Amino acid sequence: MNLLFIFKRLKRRYGPQHWWPAKTPFEVIVGAILTQNASWENAARAIQNLRSKKILSFSAMKKADTAALSSAIRPAGYFNVKARRLKNFIGFLDKEYSGDVGRLFREDLLGLREKLLGVNGIGPETADSIILYAAGKPIFVVDAYTKRVFSRLGFVKETASYGEIQDYFMKRLPRKAELFNEYHALIVEHAKRSCRSKPLCASCVLSSSCAYAASLNFSVTSL
DNA sequence: GGCCAGGACACCA
DNA sequence: TGGTGTCATGGC
């Protein structure tokens, strides 16, 4: 049982996920910030508000004041914080790349990651989501779902850091953006359907008593 | 009414 | 380096 095998089973079960749900790379970036510790549904509401208020572009967002932004993105939660974070990114993009996302993405993967992490409000997961889903560069995105599912499976420790989990995947998978794209999306889809309960659900994911695991033909003993 | 959702950061020891 | 408090809406 390896990571590619799990990927194939997840894909067979859930099908292609077509991530990221956005129209442009800029919208991916906005969405990545808005979905921080929020459901995608709420982030999508906030994006729709930005769209209808015509502040879903670099130039419009640059002109908009923070109060207008925060008012539009209320449904995503933490709206004051996230409005500031959007502004931080806009300021960074303006200053260093003249507002051109394409120029930003011409940085090599590690350079891009370092640049993004330098923006206050963009942490590891948000940076990697932007790199993978907006820039199309191969980096594995780790989120709470990834950690929950794969620590339960015994692949990584429950206390593993973001970097440790990311290394675990990237050392064992071919470095292909399409694979990383689909894998992360499938983990999210699977976890949303089967792993919501807390404390850790013993029957989650790969236990033979888990309906979803059974549907995937997984079992802990076959690991 | 409580818990959770595709985190990140400031602050502290 | 690691732990804790904070930010906040909307669905179940």
# chains A, B, ... in the order shown; residues from 1 in each chain; ligands from 1

$ interface_residues --of "chain B" --to "chain A" --cutoff "9 Å" --atoms "only C-alpha atoms (C1' of nucleotides)" --output "list in words"
DC4, DA5, DG6, DG7, DA8 and DC9 of chain B

$ interface_residues --of "chain A" --to "chain C" --cutoff "8 Å" --atoms "only C-alpha atoms (C1' of nucleotides)" --output "PyMOL selection string"
chain A and resi 42+74-81

$ write_last_selection --atoms "C-alpha atoms" --output "PDB file, in the first residue's frame"
ATOM      1  CA  ASN A  42     -18.503  30.686   2.825  1.00  0.00           C
ATOM      2  CA  ARG A  74     -18.006  39.050   5.749  1.00  0.00           C
ATOM      3  CA  PRO A  75     -19.378  35.582   4.939  1.00  0.00           C
ATOM      4  CA  ALA A  76     -15.853  34.130   4.922  1.00  0.00           C
ATOM      5  CA  GLY A  77     -15.363  35.008   8.584  1.00  0.00           C
ATOM      6  CA  TYR A  78     -12.368  36.831  10.111  1.00  0.00           C
ATOM      7  CA  PHE A  79     -13.264  39.541   7.633  1.00  0.00           C
ATOM      8  CA  ASN A  80     -11.133  42.281   9.183  1.00  0.00           C
ATOM      9  CA  VAL A  81      -8.072  40.062   9.225  1.00  0.00           C
TER      10      VAL A  81
END

$ select_by_dssp --residues "region 19-143 of chain A" --states "alpha helix (DSSP H)" --output "PyMOL selection string"
chain A and resi 25-34+40-52+58-63+66-72+79-97+101-104+109-117+124-129

$ atom_distance --atom1 "CA of Leu10 (chain A)" --atom2 "CA of Ile29 (chain A)"
26.2 Å

$ closest_residue --among "A:Ala68, A:Ala22, A:Leu173, A:Leu179" --to "Asn2 (chain A)" --atoms "only C-alpha atoms"
A:Leu173

$ atom_distance --atom1 "CA of Val156 (chain A)" --atom2 "CA of Ala177 (chain A)"
22.2 Å

$ atom_distance --atom1 "CA of Val101 (chain A)" --atom2 "CA of Asp128 (chain A)"
15.3 Å
